[in-house]
$ cat upload_12.txt   # compact mmCIF, C-alpha atoms
# COMPACT_ATOMS: atom_id res chain seq x y z
CA MET A 1 13.61 -13.73 16.62
CA GLU A 2 15.12 -16.79 14.92
CA ARG A 3 16.41 -17.91 18.32
CA THR A 4 12.89 -17.65 19.74
CA PHE A 5 11.59 -19.87 16.93
CA ALA A 6 14.45 -22.31 17.51
CA VAL A 7 13.47 -22.71 21.18
CA ILE A 8 9.83 -23.37 20.20
CA ASN A 9 10.96 -25.94 17.60
CA GLN A 10 13.02 -27.61 20.32
CA MET A 11 9.90 -27.80 22.50
CA VAL A 12 8.24 -29.82 19.73
CA ALA A 13 11.33 -31.99 19.24
CA ASP A 14 11.43 -32.70 22.99
CA GLY A 15 7.73 -33.65 22.98
CA VAL A 16 6.69 -30.79 25.27
CA ILE A 17 4.09 -29.59 22.81
CA GLU A 18 2.51 -31.66 20.06
CA ASN A 19 2.86 -28.91 17.48
CA TYR A 20 2.49 -25.17 17.11
CA ALA A 21 1.70 -22.48 14.59
CA VAL A 22 2.64 -18.82 14.64
CA ALA A 23 -0.44 -16.56 14.56
CA GLY A 24 -1.18 -12.89 15.30
CA ALA A 25 0.90 -9.99 14.09
CA ILE A 26 4.11 -11.95 13.59
CA GLY A 27 2.21 -14.59 11.63
CA ALA A 28 0.73 -11.84 9.47
CA MET A 29 4.18 -10.44 8.71
CA PHE A 30 5.06 -13.62 6.85
CA TYR A 31 2.61 -12.43 4.18
CA VAL A 32 2.30 -8.63 4.46
CA GLU A 33 4.59 -5.66 5.07
CA PRO A 34 6.04 -5.42 8.59
CA PHE A 35 4.43 -3.37 11.36
CA SER A 36 4.98 -2.86 15.05
CA THR A 37 4.05 -5.54 17.58
CA LYS A 38 5.07 -6.35 21.12
CA ASP A 39 4.72 -10.10 21.27
CA LEU A 40 4.60 -13.41 19.46
CA ASP A 41 1.34 -15.37 19.48
CA VAL A 42 1.67 -19.11 19.11
CA PHE A 43 -1.22 -21.55 18.78
CA VAL A 44 -0.60 -24.88 20.41
CA LEU A 45 -2.41 -28.07 19.44
CA THR A 46 -3.87 -29.90 22.40
CA PRO A 47 -6.05 -33.05 22.47
CA GLU A 48 -9.52 -32.08 21.23
CA ASP A 49 -11.55 -33.04 24.28
CA GLN A 50 -9.09 -32.00 26.96
CA LEU A 51 -9.54 -29.00 29.20
CA VAL A 52 -6.26 -27.07 29.30
CA LEU A 53 -5.59 -25.70 32.75
CA GLU A 54 -2.06 -24.43 32.35
CA ILE A 55 0.11 -22.92 29.66
CA PRO A 56 1.72 -25.78 27.72
CA GLY A 57 5.45 -26.05 28.21
CA LEU A 58 5.68 -23.57 31.06
CA ASN A 59 7.70 -25.84 33.37
CA TYR A 60 10.00 -26.82 30.48
CA LEU A 61 10.74 -23.16 29.81
CA LYS A 62 11.20 -22.31 33.49
CA ALA A 63 13.72 -25.13 33.81
CA ARG A 64 15.70 -23.55 30.97
CA GLY A 65 15.81 -20.15 32.61
CA TYR A 66 12.92 -18.49 30.80
CA THR A 67 11.14 -17.04 33.81
CA GLU A 68 10.49 -13.41 32.85
CA TRP A 69 6.93 -12.38 31.97
CA ARG A 70 6.11 -9.38 29.79
CA ASN A 71 2.84 -8.36 28.08
CA GLU A 72 1.19 -11.56 29.32
CA GLY A 73 3.84 -13.65 27.55
CA ILE A 74 6.84 -15.60 28.72
CA VAL A 75 10.00 -13.99 27.38
CA ILE A 76 11.98 -16.33 25.13
CA GLU A 77 15.16 -14.89 23.66
CA GLY A 78 13.90 -11.32 23.99
CA TRP A 79 10.33 -11.81 22.73
CA PRO A 80 7.28 -12.29 24.95
CA VAL A 81 5.57 -15.43 23.64
CA GLN A 82 1.92 -16.18 24.33
CA PHE A 83 1.19 -19.89 24.01
CA MET A 84 -2.50 -20.22 23.26
CA PRO A 85 -4.15 -23.63 23.18
CA VAL A 86 -6.52 -23.71 20.18
CA ALA A 87 -9.92 -22.57 21.41
CA ASN A 88 -12.34 -23.46 18.62
CA ALA A 89 -12.74 -25.47 15.41
CA LEU A 90 -11.43 -22.69 13.16
CA GLU A 91 -8.26 -22.29 15.21
CA ARG A 92 -7.78 -26.07 15.27
CA GLU A 93 -8.08 -26.33 11.49
CA ALA A 94 -5.79 -23.32 11.07
CA CYS A 95 -3.18 -24.92 13.30
CA GLU A 96 -3.45 -28.31 11.60
CA LYS A 97 -3.08 -26.82 8.13
CA ALA A 98 -0.22 -24.46 9.00
CA GLN A 99 2.85 -24.66 6.80
CA TYR A 100 6.57 -24.33 7.31
CA HIS A 101 8.46 -21.23 6.21
CA ASP A 102 12.18 -20.70 6.45
CA VAL A 103 13.54 -17.77 8.43
CA ASP A 104 17.24 -17.84 7.68
CA ALA A 105 18.14 -21.37 8.75
CA VAL A 106 15.15 -21.94 11.03
CA SER A 107 11.90 -23.59 9.97
CA VAL A 108 8.83 -21.87 11.35
CA ARG A 109 5.29 -23.22 11.26
CA VAL A 110 2.88 -20.41 10.37
CA LEU A 111 -0.89 -20.20 9.82
CA SER A 112 -1.98 -19.73 6.22
CA PRO A 113 -2.90 -16.16 5.21
CA GLU A 114 -6.52 -17.22 4.65
CA HIS A 115 -6.82 -18.72 8.13
CA LEU A 116 -5.16 -15.66 9.66
CA VAL A 117 -7.72 -13.39 7.97
CA ALA A 118 -10.63 -15.64 9.02
CA ILE A 119 -9.43 -15.56 12.64
CA MET A 120 -9.01 -11.77 12.49
CA LEU A 121 -12.61 -11.45 11.30
CA GLN A 122 -13.76 -13.82 14.03
CA VAL A 123 -11.96 -11.85 16.75
CA GLY A 124 -13.04 -8.58 15.15
CA ARG A 125 -11.09 -5.96 17.14
CA LEU A 126 -10.27 -2.74 15.30
CA LYS A 127 -6.62 -3.74 14.98
CA ASP A 128 -7.64 -7.09 13.52
CA LEU A 129 -9.81 -5.42 10.90
CA ALA A 130 -6.96 -3.04 10.06
CA ARG A 131 -4.79 -6.10 9.42
CA VAL A 132 -7.50 -7.63 7.21
CA ASP A 133 -7.19 -4.42 5.18
CA MET A 134 -3.46 -5.03 4.80
CA PHE A 135 -3.96 -8.59 3.55
CA LEU A 136 -6.54 -7.53 1.00
CA ALA A 137 -4.72 -4.39 -0.15
CA GLN A 138 -1.49 -6.33 -0.59
CA SER A 139 -3.25 -9.23 -2.36
CA ALA A 140 -1.87 -11.62 0.21
CA VAL A 141 -4.86 -13.97 0.30
CA ASP A 142 -6.44 -16.40 -2.11
CA LEU A 143 -10.01 -15.05 -2.11
CA GLU A 144 -11.60 -18.35 -3.15
CA GLU A 145 -9.89 -20.20 -0.34
CA LEU A 146 -10.80 -17.44 2.12
CA SER A 147 -14.42 -17.54 0.98
CA ASP A 148 -14.52 -21.31 1.53
CA ILE A 149 -13.21 -20.95 5.10
CA LEU A 150 -15.60 -18.09 5.89
CA ASP A 151 -18.57 -20.11 4.58
CA ARG A 152 -17.65 -23.18 6.60
CA TYR A 153 -17.23 -21.25 9.84
CA GLY A 154 -20.22 -18.93 9.47
CA LEU A 155 -18.08 -15.84 9.02
CA SER A 156 -19.37 -14.67 5.64
CA ASP A 157 -21.67 -12.13 7.30
CA ARG A 158 -18.73 -10.71 9.24
CA PHE A 159 -16.82 -10.30 6.01
CA ALA A 160 -19.82 -8.65 4.33
CA GLU A 161 -20.12 -6.26 7.28
CA TYR A 162 -16.39 -5.52 7.15
CA SER A 163 -16.54 -4.91 3.37
CA LYS A 164 -19.51 -2.57 3.81
CA ARG A 165 -17.68 -0.56 6.49
CA SER A 166 -14.43 -0.38 4.57
CA THR A 167 -16.12 1.03 1.46
CA GLN A 168 -17.99 3.73 3.41
CA MET B 1 20.10 1.88 -20.76
CA LYS B 2 18.35 -1.46 -21.01
CA LYS B 3 20.72 -2.89 -18.39
CA LEU B 4 20.08 0.08 -16.10
CA PHE B 5 16.35 -0.39 -16.46
CA LYS B 6 16.65 -4.09 -15.67
CA THR B 7 18.74 -3.37 -12.57
CA HIS B 8 16.25 -0.73 -11.47
CA ALA B 9 13.32 -3.11 -11.99
CA ALA B 10 15.12 -5.85 -10.07
CA ASN B 11 15.89 -3.45 -7.21
CA GLN B 12 12.28 -2.33 -7.11
CA GLN B 13 11.14 -5.92 -6.91
CA ASN B 14 13.67 -6.67 -4.18
CA ASN B 15 12.61 -3.61 -2.24
CA ALA B 16 8.96 -4.53 -2.60
CA ARG B 17 9.57 -8.01 -1.32
CA PRO B 18 11.91 -8.06 1.65
CA THR B 19 12.67 -11.52 3.02
CA ILE B 20 10.79 -12.74 6.09
CA ALA B 21 13.96 -12.40 8.16
CA GLU B 22 14.25 -8.76 7.06
CA LYS B 23 10.61 -8.09 7.87
CA LEU B 24 10.98 -9.60 11.33
CA LYS B 25 14.09 -7.48 11.90
CA ILE B 26 12.08 -4.36 10.99
CA ALA B 27 9.32 -5.45 13.40
CA GLU B 28 11.96 -5.79 16.11
CA GLU B 29 13.33 -2.31 15.38
CA LEU B 30 9.81 -0.84 15.41
CA ARG B 31 9.11 -2.51 18.74
CA ASP B 32 12.34 -1.11 20.25
CA LEU B 33 11.46 2.35 18.94
CA GLN B 34 7.97 2.13 20.47
CA GLU B 35 9.55 1.17 23.79
CA LYS B 36 11.95 4.13 23.61
CA LEU B 37 9.11 6.51 22.80
CA ALA B 38 6.76 5.16 25.48
CA PRO B 39 8.06 7.42 28.33
CA LEU B 40 7.92 10.48 26.05
CA ARG B 41 4.37 9.66 25.01
CA ALA B 42 3.34 9.11 28.63
CA ALA B 43 4.89 12.44 29.65
CA ASN B 44 3.17 14.23 26.80
CA LYS B 45 -0.14 12.63 27.71
CA ALA B 46 0.27 13.77 31.31
CA GLU B 47 1.04 17.33 30.19
CA LYS B 48 -2.00 17.28 27.94
CA ALA B 49 -4.16 16.12 30.85
CA LYS B 50 -2.97 19.13 32.84
CA GLY B 51 -3.91 21.37 29.95
CA LYS B 52 -0.33 22.51 29.45
CA VAL B 53 -0.19 21.29 25.89
CA GLN B 54 -2.79 22.44 23.44
CA THR B 55 -3.57 20.52 20.33
CA ARG B 56 -4.43 22.93 17.60
CA ILE B 57 -6.74 21.62 14.97
CA LYS B 58 -6.43 23.27 11.62
CA THR B 59 -9.83 23.49 10.06
CA ARG B 60 -8.87 24.96 6.74
$ encode --input "upload_12.txt" --output "structure tokens"
Amino acid sequence: MERTFAVINQMVADGVIENYAVAGAIGAMFYVEPFSTKDLDVFVLTPEDQLVLEIPGLNYLKARGYTEWRNEGIVIEGWPVQFMPVANALEREACEKAQYHDVDAVSVRVLSPEHLVAIMLQVGRLKDLARVDMFLAQSAVDLEELSDILDRYGLSDRFAEYSKRSTQ
Amino acid sequence: MKKLFKTHAANQQNNARPTIAEKLKIAEELRDLQEKLAPLRAANKAEKAKGKVQTRIKTR
């Protein structure tokens, strides 16, 4: 997977994408125990008021031989990668505040655990809520910071609902 | 004994906190395993649909 990250870093270096941040299951694994996933979700920062009509960097990748599609992602060094332009204010903040982590010799920009949990609550699928469980059970989030994000993005009720369900 | 305990504690800590690279490697292995099992699961599902496989539920 390091080679996949290296290609994405090169896309930033070549100016194809402004910046990126790893989200989804792979992003979660930077903070909690590993689990199975089929693809790599990557948030891409785009200008705030611009409608994005095509996947950023697609032509760049095609020109470098990455033409295979799997699980709705373009396969880069064996992993299907879904490039997702940020879709709302929470995702934008999450992407802007992402931090670098080292994977062997490769720097990878990853969402913070608190933003990952907030986005999981916002999306709210069963698998997202199961991952919220993992973050909380493994004490992988700063609860004060999470609470601040949830308050600012109107997600406190979602968290209350989730907490109620998980204690039943 | 003290040294053994220290080594054991260190190992436990190391085991509890694999590096990110190790975790991603595990994720990759899990994904490959899922892919290998997919045809078996599909075949089993098809058999179940035909009623050839019964799932027994133990109630006590």
$ interface_residues --input "upload_12.txt" --of "chain A" --to "chain B" --cutoff "10 Å" --atoms "all atoms listed in the file" --output "ChimeraX atom specification"
/A:1-2,25-26,29-39,78-79,101-105
$ closest_residue --input "upload_12.txt" --among "A:Tyr60, A:Leu136, A:Pro113, A:Val86" --to "Asp14 (chain A)" --atoms "all atoms listed in the file"
A:Tyr60
$ atom_distance --input "upload_12.txt" --atom1 "CA of Arg109 (chain A)" --atom2 "CA of Lys97 (chain A)"
9.6 Å
$ atom_distance --input "upload_12.txt" --atom1 "CA of Gly15 (chain A)" --atom2 "CA of Gly27 (chain A)"
22.9 Å
$ residues_around --input "upload_12.txt" --residues "Asp142 (chain A)" --least-positions-apart "6" --cutoff "12 Å" --atoms "all atoms listed in the file" --output "list in words"
Tyr31, Ser112, Pro113, Glu114, His115, Leu116, Val117, Ala118, Phe135, Leu136, Asp148 and Ile149 of chain A
$ atom_distance --input "upload_12.txt" --atom1 "CA of Met134 (chain A)" --atom2 "CA of Cys95 (chain A)"
21.6 Å
